[in-house]
Amino acid sequence: MKKVLITGGAGYIGSTVASALLDQGITPVLLDDLSKGRPEFVEGRVFYRGDIADGALLDRIFAEHPEIGATLHCAARIVVPESVGKPLFYYRENVAKTVELLESLQRNGCTRVVFSSSASLYAPTPDGRVDESCPVEVGSPYARTKQMMEHVLQDWTRAEGAEGIRVVVLRYFNPIGADPQLRTGLQDLNPTHALGKLIEAHTNGTPFTVTGVDWATRDGSGIRDYIHVQDVAEAHAAALTRFDEVVGPDDEDRYRVINVGTGEGTTVRELIAAFEQAVGARLDVREAAARPGDVLGCYAAVDTARELLGWSARRTIAEGVADALAWRTKWTAHLASA
């Protein structure tokens, strides 16, 4: 595979995957409207600024890069509370526009698609552990958009006129950290996820709030599978480079779901303790009720990823914290000088 199209290629996940592909000698072709992505993350890379629903732009990209062997679809709106307040916006951006994208891919003969989905789809289990066969129970419009797109993609692989279309869905868990070489990272200095909020609290000397303290976990806080973003990127790269082994053109079922996580559950309180140990300081920790759309959480069973992708997470939470802090220092300095 010489080239891969990455939608959302200027975002946190897409840009990190792009770096991982470049490290393997594969050229990423990036498409992003820069509504959330950063132009710095595409410098020196093949980049098109535009909307995934712009069919004429997609036709141009494939005409100019006929070597594209697959598409990785990362572009999406991802903030749970925002999705609760703006559900129609999320359905348009994450669902309607993706359908337009798929039509463009089919028209241009791109039959391999890797979809960045989310573990937020899973229904809670007694111990939080979920495999790919576990029931789905979405708790927010954001999660529902991912669920809807999984249905769309599966139906697409079974449709008449879509012969050869194959899809690998990666349900990844909670990415933390940054590219270890600090080429890219979180573009938002005020992210909504737990580690970002911990860094913000530590940097600004403000309280950190645990939202939801009566979940059915060992300490009452939510449970997550915190995975280094570089591990997430390498899983995506493995899905692309091993695509034909994961789902072949002659397979009866041309749709495959794979969890991407560490296989270990960490509660929010345990994440706080690990963070405090990493920075050598205590935080002012407070408690609050769960936010609209929040869920207990889960962690991955990762046997399928090991078997099909030959991949497993290699980095620790401590490494994720260290890389996240190093990236914030670099990114803050960059933004101050810009």
# chains A, B, ... in the order shown; residues from 1 in each chain; ligands from 1
$ select_by_dssp --residues "region 28-225 of chain A" --states "alpha helix (DSSP H)" --output "PyMOL selection string"
chain A and resi 55-64+80-85+87-91+97-107+141-158+194-204
$ residues_around --residues "Gly9 (chain A)" --least-positions-apart "3" --cutoff "12 Å" --atoms "only C-alpha atoms" --output "number ranges by chain"
A: 4-6, 12-19, 21, 28-43, 45-52, 71-76, 184, 233
$ select_by_dssp --residues "region 91-206 of chain A" --states "strand (DSSP E)" --output "list in words"
Arg112, Val113, Val114, Phe115, Ser116, Ser117, Ser118, Arg129, Val130, Arg166, Val167, Val168, Val169, Leu170, Arg171, Tyr172, Asn174, Pro175 and Ile176 of chain A
$ write_last_selection --atoms "C-alpha atoms" --output "PDB file, in the first residue's frame"
ATOM      1  CA  ARG A 112     -10.922  -0.609   1.615  1.00  0.00           C
ATOM      2  CA  VAL A 113     -12.185   1.514   4.523  1.00  0.00           C
ATOM      3  CA  VAL A 114     -10.979   1.644   8.124  1.00  0.00           C
ATOM      4  CA  PHE A 115     -13.425   3.466  10.386  1.00  0.00           C
ATOM      5  CA  SER A 116     -12.373   5.049  13.672  1.00  0.00           C
ATOM      6  CA  SER A 117     -15.258   4.193  15.950  1.00  0.00           C
ATOM      7  CA  SER A 118     -15.579   4.361  19.722  1.00  0.00           C
ATOM      8  CA  ARG A 129     -14.667  -5.659  30.428  1.00  0.00           C
ATOM      9  CA  VAL A 130     -16.087  -5.766  26.894  1.00  0.00           C
ATOM     10  CA  ARG A 166     -14.701  -4.042   2.774  1.00  0.00           C
ATOM     11  CA  VAL A 167     -14.698  -2.306   6.152  1.00  0.00           C
ATOM     12  CA  VAL A 168     -12.650  -2.689   9.315  1.00  0.00           C
ATOM     13  CA  VAL A 169     -14.090  -0.857  12.326  1.00  0.00           C
ATOM     14  CA  LEU A 170     -11.718   0.007  15.162  1.00  0.00           C
ATOM     15  CA  ARG A 171     -13.480   0.701  18.434  1.00  0.00           C
ATOM     16  CA  TYR A 172     -10.747   2.438  20.332  1.00  0.00           C
ATOM     17  CA  ASN A 174      -9.444   6.444  25.698  1.00  0.00           C
ATOM     18  CA  PRO A 175      -6.345   7.827  24.003  1.00  0.00           C
ATOM     19  CA  ILE A 176      -3.863   9.824  26.065  1.00  0.00           C
TER      20      ILE A 176
END
$ atom_distance --atom1 "CA of Ala63 (chain A)" --atom2 "CA of Lys2 (chain A)"
15.1 Å
$ residues_around --residues "Met149 (chain A)" --least-positions-apart "3" --cutoff "8 Å" --atoms "only C-alpha atoms" --output "PyMOL selection string"
chain A and resi 94-95+98+145-146+152-153
$ write_last_selection --atoms "all heavy atoms" --output "compact mmCIF listing (two decimals), in the first residue's frame"
# COMPACT_ATOMS: atom_id res chain seq x y z
N ASN A 94 -21.42 13.92 11.52
CA ASN A 94 -20.86 12.58 11.69
C ASN A 94 -21.54 11.50 10.86
O ASN A 94 -20.92 10.48 10.55
CB ASN A 94 -20.92 12.17 13.17
CG ASN A 94 -19.97 12.96 14.04
OD1 ASN A 94 -19.27 13.85 13.55
ND2 ASN A 94 -19.94 12.66 15.31
N VAL A 95 -22.80 11.72 10.51
CA VAL A 95 -23.54 10.69 9.78
C VAL A 95 -23.81 11.12 8.34
O VAL A 95 -23.35 10.47 7.39
CB VAL A 95 -24.86 10.33 10.49
CG1 VAL A 95 -25.61 9.25 9.70
CG2 VAL A 95 -24.59 9.85 11.91
N THR A 98 -20.73 11.64 6.28
CA THR A 98 -20.00 10.40 6.03
C THR A 98 -20.65 9.60 4.92
O THR A 98 -19.96 8.97 4.10
CB THR A 98 -19.91 9.56 7.31
OG1 THR A 98 -19.17 10.28 8.29
CG2 THR A 98 -19.20 8.23 7.04
N THR A 145 -24.11 8.50 16.90
CA THR A 145 -23.63 8.72 15.53
C THR A 145 -22.63 7.65 15.13
O THR A 145 -22.61 7.20 13.98
CB THR A 145 -23.00 10.12 15.36
OG1 THR A 145 -21.81 10.24 16.15
CG2 THR A 145 -23.98 11.22 15.71
N LYS A 146 -21.80 7.23 16.07
CA LYS A 146 -20.84 6.15 15.77
C LYS A 146 -21.59 4.84 15.52
O LYS A 146 -21.26 4.08 14.60
CB LYS A 146 -19.84 6.01 16.92
CG LYS A 146 -18.88 7.16 17.07
CD LYS A 146 -17.93 7.26 15.89
CE LYS A 146 -16.86 8.31 16.11
NZ LYS A 146 -15.91 8.41 14.97
N VAL A 152 -24.48 1.72 8.95
CA VAL A 152 -24.37 2.14 7.55
C VAL A 152 -23.25 1.39 6.84
O VAL A 152 -23.42 0.87 5.73
CB VAL A 152 -24.14 3.66 7.48
CG1 VAL A 152 -23.75 4.09 6.06
CG2 VAL A 152 -25.39 4.42 7.91
N LEU A 153 -22.12 1.32 7.49
CA LEU A 153 -20.96 0.66 6.87
C LEU A 153 -21.20 -0.83 6.66
O LEU A 153 -20.84 -1.39 5.62
CB LEU A 153 -19.72 0.88 7.74
CG LEU A 153 -19.18 2.32 7.73
CD1 LEU A 153 -18.25 2.55 8.91
CD2 LEU A 153 -18.46 2.62 6.42
$ residues_around --residues "Ile272 (chain A)" --least-positions-apart "6" --cutoff "9 Å" --atoms "only C-alpha atoms" --output "PDB file with N, CA and C atoms, in the first residue's frame"
ATOM      1  N   ALA A 194     -10.396  13.245  30.763  1.00  0.00           N
ATOM      2  CA  ALA A 194      -9.895  13.282  32.137  1.00  0.00           C
ATOM      3  C   ALA A 194      -8.437  13.711  32.229  1.00  0.00           C
ATOM      4  N   LEU A 195      -7.548  13.138  31.410  1.00  0.00           N
ATOM      5  CA  LEU A 195      -6.138  13.493  31.520  1.00  0.00           C
ATOM      6  C   LEU A 195      -5.916  14.957  31.151  1.00  0.00           C
ATOM      7  N   LEU A 198      -6.810  16.942  34.061  1.00  0.00           N
ATOM      8  CA  LEU A 198      -5.791  16.822  35.104  1.00  0.00           C
ATOM      9  C   LEU A 198      -4.609  17.744  34.822  1.00  0.00           C
ATOM     10  N   LEU A 283      -3.144  17.105  43.865  1.00  0.00           N
ATOM     11  CA  LEU A 283      -4.131  17.981  43.262  1.00  0.00           C
ATOM     12  C   LEU A 283      -5.280  18.233  44.229  1.00  0.00           C
ATOM     13  N   VAL A 285      -8.746  17.769  44.557  1.00  0.00           N
ATOM     14  CA  VAL A 285      -9.730  16.930  43.880  1.00  0.00           C
ATOM     15  C   VAL A 285     -11.096  17.117  44.532  1.00  0.00           C
TER      16      VAL A 285
END
